[in-house]
>>> print(open('run35.txt').read())   # compact mmCIF, C-alpha atoms (C1' of nucleotides)
# COMPACT_ATOMS: atom_id res chain seq x y z
CA MET S 1 90.82 16.38 15.95
CA GLN S 2 89.48 16.89 19.46
CA LEU S 3 86.15 18.64 19.13
CA ASP S 4 84.49 18.22 22.49
CA LEU S 5 85.42 21.67 23.69
CA ILE S 6 84.08 23.61 20.74
CA LYS S 7 80.93 21.50 20.70
CA LYS S 8 80.40 22.35 24.35
CA GLU S 9 80.99 26.05 23.76
CA LEU S 10 78.63 26.18 20.78
CA ARG S 11 75.93 24.41 22.72
CA LYS S 12 76.07 27.02 25.43
CA VAL S 13 74.62 29.40 22.87
CA ILE S 14 72.68 27.46 20.24
CA SER S 15 71.06 24.08 19.87
CA LEU S 16 73.07 21.89 17.55
CA ASP S 17 72.47 18.19 16.96
CA ASP S 18 75.31 15.82 16.28
CA GLU S 19 74.85 15.58 12.52
CA MET S 20 74.83 19.34 12.12
CA PHE S 21 77.90 19.55 14.25
CA GLN S 22 79.59 16.88 12.14
CA ASP S 23 78.99 18.91 8.99
CA PHE S 24 80.08 22.09 10.64
CA SER S 25 83.24 20.68 12.15
CA LYS S 26 84.49 19.49 8.75
CA LEU S 27 84.92 23.10 7.72
CA PHE S 28 87.49 23.80 10.41
CA ARG S 29 91.17 23.26 10.03
CA THR S 30 93.43 22.54 12.99
CA ILE S 31 96.63 24.46 13.41
CA ARG S 32 99.31 24.19 16.04
CA LEU S 33 101.29 27.19 17.19
CA GLU S 34 104.57 26.85 19.04
CA LYS S 35 105.34 29.20 21.90
CA GLY S 36 106.01 32.66 20.48
CA GLU S 37 104.47 31.96 17.07
CA PHE S 38 101.92 34.38 15.63
CA TRP S 39 98.41 33.72 14.47
CA ILE S 40 97.92 37.29 13.32
CA LYS S 41 101.06 39.05 12.23
CA GLU S 42 101.47 42.77 12.06
CA GLY S 43 99.93 44.33 9.00
CA ARG S 44 97.71 41.39 8.17
CA ARG S 45 93.95 41.43 8.06
CA ALA S 46 92.14 38.93 10.20
CA ASN S 47 90.62 36.86 7.43
CA TYR S 48 89.98 33.92 9.69
CA ILE S 49 88.00 33.21 12.74
CA GLY S 50 89.68 30.99 15.29
CA PHE S 51 88.72 28.88 18.25
CA VAL S 52 91.25 28.23 21.00
CA ASN S 53 91.23 24.48 21.56
CA GLY S 54 94.15 24.61 23.95
CA GLY S 55 96.87 26.98 25.13
CA ILE S 56 96.80 30.71 25.63
CA LEU S 57 97.44 33.71 23.38
CA ARG S 58 97.88 37.43 23.72
CA GLN S 59 96.54 40.13 21.43
CA TYR S 60 98.68 43.21 21.45
CA VAL S 61 99.72 46.34 19.65
CA GLN S 62 103.25 47.59 19.41
CA GLN S 63 103.84 51.32 19.45
CA GLU S 64 107.04 53.24 19.92
CA GLY S 65 108.89 50.24 21.24
CA GLU S 66 106.24 49.40 23.83
CA GLU S 67 103.71 46.62 23.72
CA PHE S 68 100.12 47.01 24.88
CA ILE S 69 98.10 43.88 25.47
CA GLN S 70 94.43 44.29 24.66
CA ASN S 71 93.35 40.77 25.43
CA PHE S 72 94.27 37.23 26.31
CA TYR S 73 92.57 34.25 24.67
CA VAL S 74 92.31 30.98 26.56
CA SER S 75 90.80 27.56 25.84
CA GLY S 76 87.19 27.92 24.76
CA ASP S 77 87.51 31.45 23.37
CA PHE S 78 86.60 32.53 19.87
CA MET S 79 88.80 35.04 18.08
CA GLY S 80 88.10 37.44 15.23
CA LEU S 81 84.33 37.24 15.06
CA PHE S 82 83.93 40.80 13.89
CA ALA S 83 83.66 41.87 10.30
CA SER S 84 86.49 43.48 8.42
CA PRO S 85 86.08 47.17 9.31
CA VAL S 86 87.34 46.38 12.77
CA GLU S 87 90.62 44.91 11.73
CA GLU S 88 91.04 47.38 8.90
CA ARG S 89 92.86 49.99 10.94
CA ASN S 90 94.57 47.54 13.22
CA LYS S 91 97.70 47.55 11.16
CA THR S 92 99.92 46.79 14.08
CA LEU S 93 97.74 44.21 15.77
CA ARG S 94 99.27 40.83 16.54
CA ILE S 95 98.01 37.66 18.16
CA GLN S 96 100.80 35.51 19.53
CA ALA S 97 100.92 32.15 21.30
CA ILE S 98 102.22 32.53 24.84
CA GLU S 99 102.56 28.76 25.06
CA VAL S 100 101.93 25.89 22.64
CA CYS S 101 98.43 26.30 21.23
CA GLU S 102 95.95 24.38 19.17
CA LEU S 103 93.51 26.43 17.15
CA LEU S 104 90.53 25.52 15.02
CA VAL S 105 90.31 28.01 12.18
CA MET S 106 87.92 28.83 9.36
CA PRO S 107 88.05 31.58 6.72
CA TYR S 108 85.80 34.42 7.74
CA GLU S 109 84.06 34.36 4.38
CA ARG S 110 83.14 30.72 4.82
CA LEU S 111 81.50 31.43 8.16
CA LYS S 112 79.62 34.33 6.63
CA CYS S 113 78.38 32.07 3.87
CA LEU S 114 77.27 29.43 6.35
CA ILE S 115 75.46 32.05 8.38
CA GLY S 116 73.35 32.75 5.32
CA PHE S 117 72.10 29.16 5.38
CA SER S 118 71.63 28.56 9.06
CA LYS S 119 69.42 30.55 11.39
CA ASN S 120 71.23 28.85 14.25
CA LEU S 121 74.61 30.05 13.14
CA GLU S 122 73.34 33.53 12.58
CA GLN S 123 72.12 33.51 16.15
CA PHE S 124 75.49 32.24 17.29
CA SER S 125 77.31 34.96 15.41
CA SER S 126 75.21 37.83 16.68
CA HIS S 127 75.33 36.46 20.21
CA TRP S 128 79.10 36.40 20.13
CA GLN S 129 79.40 39.82 18.62
CA ALA S 130 77.20 41.25 21.35
CA GLN S 131 79.16 39.27 23.91
CA LYS S 132 82.50 40.60 22.69
CA TYR S 133 81.18 44.12 22.58
CA SER S 134 79.90 43.81 26.10
CA GLU S 135 83.21 42.47 27.38
CA LEU S 136 85.13 45.28 25.75
CA ASP S 137 82.67 47.80 27.12
CA GLN S 138 83.21 46.50 30.63
CA MET S 139 86.98 46.42 30.21
CA TYR S 140 86.83 50.02 29.07
CA PHE S 141 84.86 50.99 32.13
CA ARG S 142 87.28 49.25 34.49
CA LEU S 143 90.25 50.90 32.83
CA LEU S 144 88.57 54.29 33.09
CA ALA S 145 87.19 53.99 36.59
CA HIS S 146 89.46 51.69 38.56
CA THR S 147 93.00 51.87 39.88
CA PRO S 148 95.67 49.40 38.74
CA GLU S 149 95.34 47.66 42.09
CA GLN S 150 91.58 47.24 41.69
CA ARG S 151 92.07 45.93 38.18
CA TYR S 152 94.68 43.44 39.34
CA LYS S 153 92.32 42.17 42.02
CA TRP S 154 89.56 41.89 39.46
CA LEU S 155 91.81 39.74 37.30
CA LEU S 156 92.73 37.60 40.30
CA SER S 157 89.14 36.83 41.14
CA HIS S 158 87.64 36.66 37.64
CA LYS S 159 90.44 35.34 35.45
CA PRO S 160 92.79 33.42 37.75
CA GLU S 161 93.81 31.12 34.88
CA ILE S 162 95.41 34.12 33.20
CA ILE S 163 97.34 35.17 36.31
CA ASN S 164 98.61 31.61 36.65
CA GLN S 165 99.62 30.91 33.08
CA VAL S 166 101.02 34.24 31.97
CA PRO S 167 104.34 35.92 32.86
CA GLN S 168 103.86 38.95 35.05
CA TYR S 169 105.28 41.45 32.61
CA TYR S 170 102.46 40.48 30.25
CA ILE S 171 99.94 41.01 33.02
CA ALA S 172 101.48 44.43 33.57
CA GLN S 173 101.19 45.26 29.86
CA TYR S 174 97.57 44.21 30.04
CA LEU S 175 96.86 46.35 33.09
CA GLY S 176 98.65 49.33 31.56
CA ILE S 177 101.31 49.54 34.25
CA LYS S 178 105.04 48.73 34.58
CA PRO S 179 106.18 45.33 35.85
CA GLU S 180 107.83 47.00 38.86
CA THR S 181 104.53 48.56 39.83
CA LEU S 182 102.73 45.23 39.54
CA SER S 183 105.35 43.66 41.75
CA ARG S 184 104.74 46.30 44.40
CA ILE S 185 100.97 45.93 44.13
CA LYS S 186 101.32 42.21 44.76
CA LYS S 187 103.48 42.83 47.80
CA ARG S 188 101.08 45.20 49.49
CA ALA S 189 97.99 43.14 48.59
CA MET O 1 60.10 66.02 11.18
CA GLN O 2 63.48 66.97 9.75
CA LEU O 3 64.91 63.85 8.17
CA ASP O 4 67.71 65.09 5.95
CA LEU O 5 70.41 64.24 8.43
CA ILE O 6 69.43 60.64 9.05
CA LYS O 7 68.90 60.09 5.34
CA LYS O 8 72.39 61.38 4.69
CA GLU O 9 73.88 59.18 7.40
CA LEU O 10 72.09 56.06 6.18
CA ARG O 11 73.21 56.71 2.63
CA LYS O 12 76.81 56.79 3.72
CA VAL O 13 76.42 53.07 4.40
CA ILE O 14 73.65 51.64 2.26
CA SER O 15 71.78 52.51 -0.89
CA LEU O 16 68.26 53.63 -0.13
CA ASP O 17 65.83 55.14 -2.59
CA ASP O 18 63.34 57.79 -1.54
CA GLU O 19 60.30 55.53 -1.33
CA MET O 20 62.11 53.04 0.88
CA PHE O 21 63.27 55.86 3.05
CA GLN O 22 59.72 57.21 3.28
CA ASP O 23 58.48 53.85 4.56
CA PHE O 24 61.37 53.53 6.94
CA SER O 25 61.09 57.00 8.36
CA LYS O 26 57.44 56.47 9.33
CA LEU O 27 58.58 53.97 11.93
CA PHE O 28 60.56 56.55 13.86
CA ARG O 29 59.18 58.74 16.57
CA THR O 30 60.66 62.14 17.38
CA ILE O 31 61.40 63.05 20.95
CA ARG O 32 62.77 66.22 22.42
CA LEU O 33 64.96 66.23 25.50
CA GLU O 34 65.56 69.32 27.56
CA LYS O 35 69.00 70.00 28.99
CA GLY O 36 69.65 67.50 31.75
CA GLU O 37 66.88 65.08 30.78
CA PHE O 38 67.64 61.40 30.39
CA TRP O 39 67.08 59.14 27.43
CA ILE O 40 68.28 56.07 29.31
CA LYS O 41 67.72 56.18 33.02
CA GLU O 42 69.59 54.09 35.51
CA GLY O 43 68.31 50.55 35.78
CA ARG O 44 66.50 50.56 32.47
CA ARG O 45 67.26 48.35 29.52
CA ALA O 46 67.96 50.04 26.24
CA ASN O 47 64.90 48.84 24.37
CA TYR O 48 65.18 51.52 21.76
CA ILE O 49 67.64 52.59 19.18
CA GLY O 50 68.06 56.30 18.78
CA PHE O 51 69.42 58.72 16.24
CA VAL O 52 70.72 62.10 17.34
CA ASN O 53 69.06 64.64 15.09
CA GLY O 54 70.42 67.58 17.03
CA GLY O 55 72.12 68.39 20.31
CA ILE O 56 74.64 66.42 22.31
CA LEU O 57 74.40 63.70 24.96
CA ARG O 58 76.67 61.94 27.39
CA GLN O 59 76.64 58.26 28.28
CA TYR O 60 77.93 57.64 31.76
CA VAL O 61 78.03 55.31 34.71
CA GLN O 62 77.80 56.42 38.30
CA GLN O 63 79.79 54.53 40.88
CA GLU O 64 80.55 55.45 44.44
CA GLY O 65 79.53 59.03 43.95
CA GLU O 66 81.69 59.53 40.88
CA GLU O 67 80.59 59.71 37.28
CA PHE O 68 82.50 58.12 34.42
CA ILE O 69 81.64 59.19 30.90
CA GLN O 70 82.02 56.43 28.35
CA ASN O 71 80.88 58.36 25.34
CA PHE O 72 79.40 61.50 23.88
CA TYR O 73 76.79 61.36 21.14
CA VAL O 74 76.50 64.24 18.70
CA SER O 75 74.30 65.01 15.69
CA GLY O 76 74.41 62.15 13.23
CA ASP O 77 75.24 59.43 15.76
CA PHE O 78 73.22 56.27 16.32
CA MET O 79 72.77 54.99 19.85
CA GLY O 80 71.99 51.54 21.21
CA LEU O 81 72.52 49.43 18.13
CA PHE O 82 73.67 46.40 20.06
CA ALA O 83 71.46 43.54 21.15
CA SER O 84 70.29 43.08 24.68
CA PRO O 85 73.21 41.18 26.30
CA VAL O 86 75.22 44.35 26.14
CA GLU O 87 72.86 46.47 28.13
CA GLU O 88 71.95 43.64 30.47
CA ARG O 89 74.68 44.32 32.99
CA ASN O 90 74.69 48.05 32.48
CA LYS O 91 72.36 48.59 35.36
CA THR O 92 73.79 51.97 36.16
CA LEU O 93 74.15 53.26 32.63
CA ARG O 94 72.56 56.57 31.78
CA ILE O 95 72.33 58.69 28.67
CA GLN O 96 71.61 62.33 29.40
CA ALA O 97 71.12 65.39 27.24
CA ILE O 98 73.88 67.93 27.81
CA GLU O 99 71.86 70.48 25.90
CA VAL O 100 68.44 70.45 24.23
CA CYS O 101 68.31 67.43 21.92
CA GLU O 102 66.10 66.01 19.25
CA LEU O 103 66.15 62.24 18.86
CA LEU O 104 64.57 59.89 16.37
CA VAL O 105 63.77 56.65 18.17
CA MET O 106 62.48 53.20 17.29
CA PRO O 107 61.91 50.15 19.46
CA TYR O 108 64.81 47.75 19.10
CA GLU O 109 62.46 44.88 18.32
CA ARG O 110 60.96 46.78 15.43
CA LEU O 111 64.35 47.36 13.88
CA LYS O 112 65.18 43.68 14.33
CA CYS O 113 61.97 42.74 12.58
CA LEU O 114 62.68 45.11 9.71
CA ILE O 115 66.16 43.68 9.36
CA GLY O 116 64.56 40.32 8.65
CA PHE O 117 62.85 41.81 5.60
CA SER O 118 65.56 44.01 4.19
CA LYS O 119 68.99 42.92 3.09
CA ASN O 120 69.93 46.58 3.05
CA LEU O 121 69.01 47.14 6.64
CA GLU O 122 70.80 44.02 7.70
CA GLN O 123 73.89 45.38 6.04
CA PHE O 124 73.37 48.71 7.78
CA SER O 125 73.02 47.03 11.14
CA SER O 126 76.11 44.86 10.87
CA HIS O 127 78.12 47.77 9.50
CA TRP O 128 77.22 49.89 12.50
CA GLN O 129 77.88 47.16 14.97
CA ALA O 130 81.33 46.62 13.50
CA GLN O 131 81.84 50.37 13.45
CA LYS O 132 80.90 50.77 17.10
CA TYR O 133 83.08 47.86 18.08
CA SER O 134 86.00 49.33 16.21
CA GLU O 135 85.54 52.73 17.83
CA LEU O 136 85.42 51.22 21.28
CA ASP O 137 88.46 49.11 20.50
CA GLN O 138 90.40 52.22 19.53
CA MET O 139 89.22 54.11 22.57
CA TYR O 140 90.36 51.24 24.73
CA PHE O 141 93.78 51.32 23.13
CA ARG O 142 94.16 55.04 23.63
CA LEU O 143 93.15 54.79 27.25
CA LEU O 144 95.60 51.96 27.80
CA ALA O 145 98.53 53.36 25.88
CA HIS O 146 98.32 57.14 25.99
CA THR O 147 98.72 59.77 28.69
CA PRO O 148 95.83 62.09 29.62
CA GLU O 149 97.63 64.88 27.74
CA GLN O 150 97.86 62.78 24.57
CA ARG O 151 94.21 61.83 24.86
CA TYR O 152 93.19 65.46 25.30
CA LYS O 153 95.13 66.42 22.20
CA TRP O 154 93.52 63.56 20.31
CA LEU O 155 90.10 64.89 21.27
CA LEU O 156 91.12 68.39 20.24
CA SER O 157 92.13 67.31 16.76
CA HIS O 158 89.55 64.58 16.13
CA LYS O 159 86.45 65.70 18.03
CA PRO O 160 86.71 69.48 18.37
CA GLU O 161 82.90 69.79 18.40
CA ILE O 162 82.92 67.93 21.72
CA ILE O 163 85.56 70.17 23.26
CA ASN O 164 83.57 73.21 22.19
CA GLN O 165 80.10 72.14 23.26
CA VAL O 166 80.79 70.31 26.49
CA PRO O 167 81.74 71.68 29.94
CA GLN O 168 85.28 70.87 30.91
CA TYR O 169 84.43 68.77 33.92
CA TYR O 170 82.61 66.42 31.54
CA ILE O 171 85.67 66.28 29.32
CA ALA O 172 87.69 65.40 32.40
CA GLN O 173 85.26 62.62 33.33
CA TYR O 174 85.58 61.31 29.80
CA LEU O 175 89.37 61.38 29.90
CA GLY O 176 89.44 59.72 33.30
CA ILE O 177 91.14 62.64 35.07
CA LYS O 178 90.17 65.38 37.51
CA PRO O 179 89.02 68.79 36.26
CA GLU O 180 92.00 70.43 37.95
CA THR O 181 94.37 68.20 36.02
CA LEU O 182 92.64 69.02 32.74
CA SER O 183 92.97 72.69 33.53
CA ARG O 184 96.72 72.27 34.05
CA ILE O 185 97.09 70.22 30.86
CA LYS O 186 95.43 73.02 28.90
CA LYS O 187 97.74 75.59 30.43
CA ARG O 188 100.95 73.80 29.56
CA ALA O 189 99.76 72.76 26.08
C1' DA A 1 125.27 20.81 40.50
C1' DT A 2 126.76 24.85 37.94
C1' DC A 3 126.17 28.25 34.64
C1' DC A 4 123.37 31.16 31.94
C1' DC A 5 119.50 33.66 30.94
C1' DT A 6 115.12 35.45 31.97
C1' DT A 7 111.92 37.24 35.19
C1' DT A 8 110.84 39.32 39.50
C1' DT A 9 111.85 42.06 43.34
C1' DT A 10 113.88 45.94 45.81
C1' DG A 11 115.71 50.59 46.56
C1' DA A 12 116.30 55.52 45.70
C1' DC A 13 114.65 59.07 43.16
C1' DT A 14 111.64 61.66 39.65
C1' DT A 15 107.46 62.66 37.44
C1' DT A 16 102.64 62.91 37.30
C1' DA A 17 98.08 63.09 38.88
C1' DG A 18 95.05 63.63 43.06
C1' DT A 19 93.43 66.39 46.99
C1' DC A 20 91.91 70.26 49.38
C1' DA A 21 91.24 74.91 49.84
C1' DA A 22 91.03 79.42 47.99
C1' DT A 23 90.45 82.67 44.25
C1' DG A 24 88.63 84.58 40.07
C1' DG A 25 85.20 84.89 36.19
C1' DA A 26 81.09 84.38 34.15
C1' DT A 27 76.15 83.92 34.20
C1' DT A 28 71.94 83.99 36.28
C1' DT A 29 68.51 85.66 39.65
C1' DG A 30 66.22 88.48 42.90
C1' DC M 1 72.84 96.43 40.39
C1' DA M 2 74.22 93.18 43.90
C1' DA M 3 74.11 88.51 45.46
C1' DA M 4 74.38 83.94 44.44
C1' DT M 5 75.75 80.11 41.88
C1' DC M 6 78.50 77.51 38.99
C1' DC M 7 82.64 76.51 36.82
C1' DA M 8 87.55 77.09 35.80
C1' DT M 9 91.91 78.17 37.60
C1' DT M 10 95.73 78.37 40.88
C1' DG M 11 98.64 77.06 44.79
C1' DA M 12 100.53 74.00 48.19
C1' DC M 13 100.77 69.57 49.47
C1' DT M 14 100.07 64.30 49.15
C1' DA M 15 99.80 59.97 46.93
C1' DA M 16 100.82 57.05 43.22
C1' DA M 17 103.17 55.33 39.31
C1' DG M 18 107.40 55.71 36.39
C1' DT M 19 112.46 55.36 35.92
C1' DC M 20 116.87 53.54 36.44
C1' DA M 21 119.92 50.46 38.43
C1' DA M 22 121.05 46.60 41.05
C1' DA M 23 120.13 42.39 43.42
C1' DA M 24 117.59 38.16 44.06
C1' DA M 25 115.02 34.28 42.43
C1' DG M 26 113.70 30.80 39.07
C1' DG M 27 114.24 27.60 35.17
C1' DG M 28 116.48 25.17 31.80
C1' DA M 29 120.46 23.38 29.55
C1' DT M 30 124.96 21.20 29.72
>>> encode(input="run35.txt", output="structure tokens")
Amino acid sequence: MQLDLIKKELRKVISLDDEMFQDFSKLFRTIRLEKGEFWIKEGRRANYIGFVNGGILRQYVQQEGEEFIQNFYVSGDFMGLFASPVEERNKTLRIQAIEVCELLVMPYERLKCLIGFSKNLEQFSSHWQAQKYSELDQMYFRLLAHTPEQRYKWLLSHKPEIINQVPQYYIAQYLGIKPETLSRIKKRA
Amino acid sequence: MQLDLIKKELRKVISLDDEMFQDFSKLFRTIRLEKGEFWIKEGRRANYIGFVNGGILRQYVQQEGEEFIQNFYVSGDFMGLFASPVEERNKTLRIQAIEVCELLVMPYERLKCLIGFSKNLEQFSSHWQAQKYSELDQMYFRLLAHTPEQRYKWLLSHKPEIINQVPQYYIAQYLGIKPETLSRIKKRA
DNA sequence: ATCCCTTTTTGACTTTAGTCAATGGATTTG
DNA sequence: CAAATCCATTGACTAAAGTCAAAAAGGGAT
């Protein structure tokens, strides 16, 4: 199990000595997703938290035949750090591997239990919740205030790894526009 | 100080006997905002949490001469329950009274301190954070997936109190469209 | 390399929202 | 009461994205 990446990510937020990390890392399980496989299938609750140790995934909702991508997850990202009420209504939410992925996963309840014992982990959890909220808040603002072209340029400069690794019709779904429109935006940019 | 409303709202989420509520309520301060006054001014950090005990407010960002409303707060809503990282970047965020408002406010640090002592309050805090995240998540989806007309109809059926109490150019700012367009949507609906 | 399949691009046209300017209504103010 | 102000509506036009269909470009697989 390659754990350098998650150790690095955790240490960005909390202090964590090697022994503690050893104990912590034992509670993860590694899973491998082939291209197109789902981590969260429609109708399921997100009972796990996951760490992307490699690959890239998309989180999307399907409605009336169309797919709307809410987020991409790349190496180093945590997924599903919010408590149950969030996922409750997300009956149609799916998280799918765009390419081969390796995830480190842990039941949500186990993390919650650990948080009870470790001040450090509690700090980690609340930091990430605030972080995720802030990201979503900013995405909401961009969607509300900016044109598709501005949002595409934002992606280009802030998340180039997504532009590079993801088919353009997924980028279009993420931006809320049609693939044809994205193609035209690229041409005139 | 009228405290029935906040007591009712708290009791939707946690159990709270009258003595505990007495102690808790002493830590709030009441403030009154006239129409047009700000609770959060541009450039300020949200160092307080607030409860709307009456009236209605708008949370918005100003950019290049235009205003974009992210949210309305009505009686019974809590404001600013997320930790600092969220507000950090929101340099241009403002929360303004649309009409005369009464707020119950408490420094964020005081709430955090209280949470350390009370399992109940901790539960309340994490419930509301998850709740706010979920709401924002759903708003994001609607903005991404639905037309302005669909979003207006959603508002009509789910938040009629906002439609009734708020000038239409604010509704337009909230929906991400121009007032003229909203006027036309209303006509054809 | 060729074939097949998927993705991207292009073109012509339609639909929708934005823009600008003018009008009409309502409310407030002198 | 009239004037002024603010907001909502309407009309004519422009700009932008959607739609549908077809062509071009990649990317494997045999």
>>> closest_atom_pairs(input="run35.txt", of="chain S", to="chain A", cutoff="9 Å", atoms="all atoms listed in the file", output="Markdown table")
| residue | atom | partner | partner_atom | distance |
| --- | --- | --- | --- | --- |
| S:Pro167 | CA | A:DT7 | C1' | 8.0 |
| S:Gln168 | CA | A:DT7 | C1' | 8.2 |
| S:Tyr169 | CA | A:DT7 | C1' | 8.3 |
| S:Pro179 | CA | A:DT8 | C1' | 8.4 |
| S:Glu180 | CA | A:DT9 | C1' | 7.8 |
| S:Ser183 | CA | A:DT9 | C1' | 6.9 |
| S:Arg184 | CA | A:DT9 | C1' | 8.3 |
>>> atom_distance(input="run35.txt", atom1="atom CA of Glu102 of chain S", atom2="atom C1' of DG28 of chain M")
24.1 Å
>>> atom_distance(input="run35.txt", atom1="atom CA of Glu66 of chain S", atom2="atom CA of Asn53 of chain S")
29.2 Å
>>> interface_residues(input="run35.txt", of="chain O", to="chain S", cutoff="6 Å", atoms="all atoms listed in the file", output="MDAnalysis selection string")
chainID O and resid 86 134 140 144 176
>>> write_last_selection(input="run35.txt", atoms="C-alpha atoms", output="tab-separated table (two decimals), in the frame of the given file")
chain	number	residue	atom	x	y	z
O	86	VAL	CA	75.22	44.35	26.14
O	134	SER	CA	86.00	49.33	16.21
O	140	TYR	CA	90.36	51.24	24.73
O	144	LEU	CA	95.60	51.96	27.80
O	176	GLY	CA	89.44	59.72	33.30
>>> atom_distance(input="run35.txt", atom1="atom CA of Gly76 of chain O", atom2="atom C1' of DC7 of chain M")
28.8 Å
>>> closest_atom_pairs(input="run35.txt", of="chain M", to="chain S", cutoff="12 Å", atoms="all atoms listed in the file", output="CSV")
residue,atom,partner,partner_atom,distance
M:DA16,C1',S:Thr181,CA,9.9
M:DA17,C1',S:Thr181,CA,6.9
M:DG18,C1',S:Lys178,CA,7.6
M:DT19,C1',S:Glu180,CA,10.0
M:DC20,C1',S:Glu180,CA,11.4
>>> axis_aligned_box(input="run35.txt", around="segment 30-42 of chain S", padding_each_side="5 Å", output="JSON")
{"center_x": 99.7, "center_y": 32.7, "center_z": 17.0, "size_x": 22.6, "size_y": 30.2, "size_z": 19.8}
>>> residues_around(input="run35.txt", residues="segment 25-42 of chain O", least_positions_apart="4", cutoff="8 Å", atoms="all atoms listed in the file", output="JSON, numbers by chain")
{"O": [1, 3, 21, 46, 91, 92, 93, 94, 95, 96, 97, 98, 99, 100, 101, 102, 103, 104, 105, 106]}
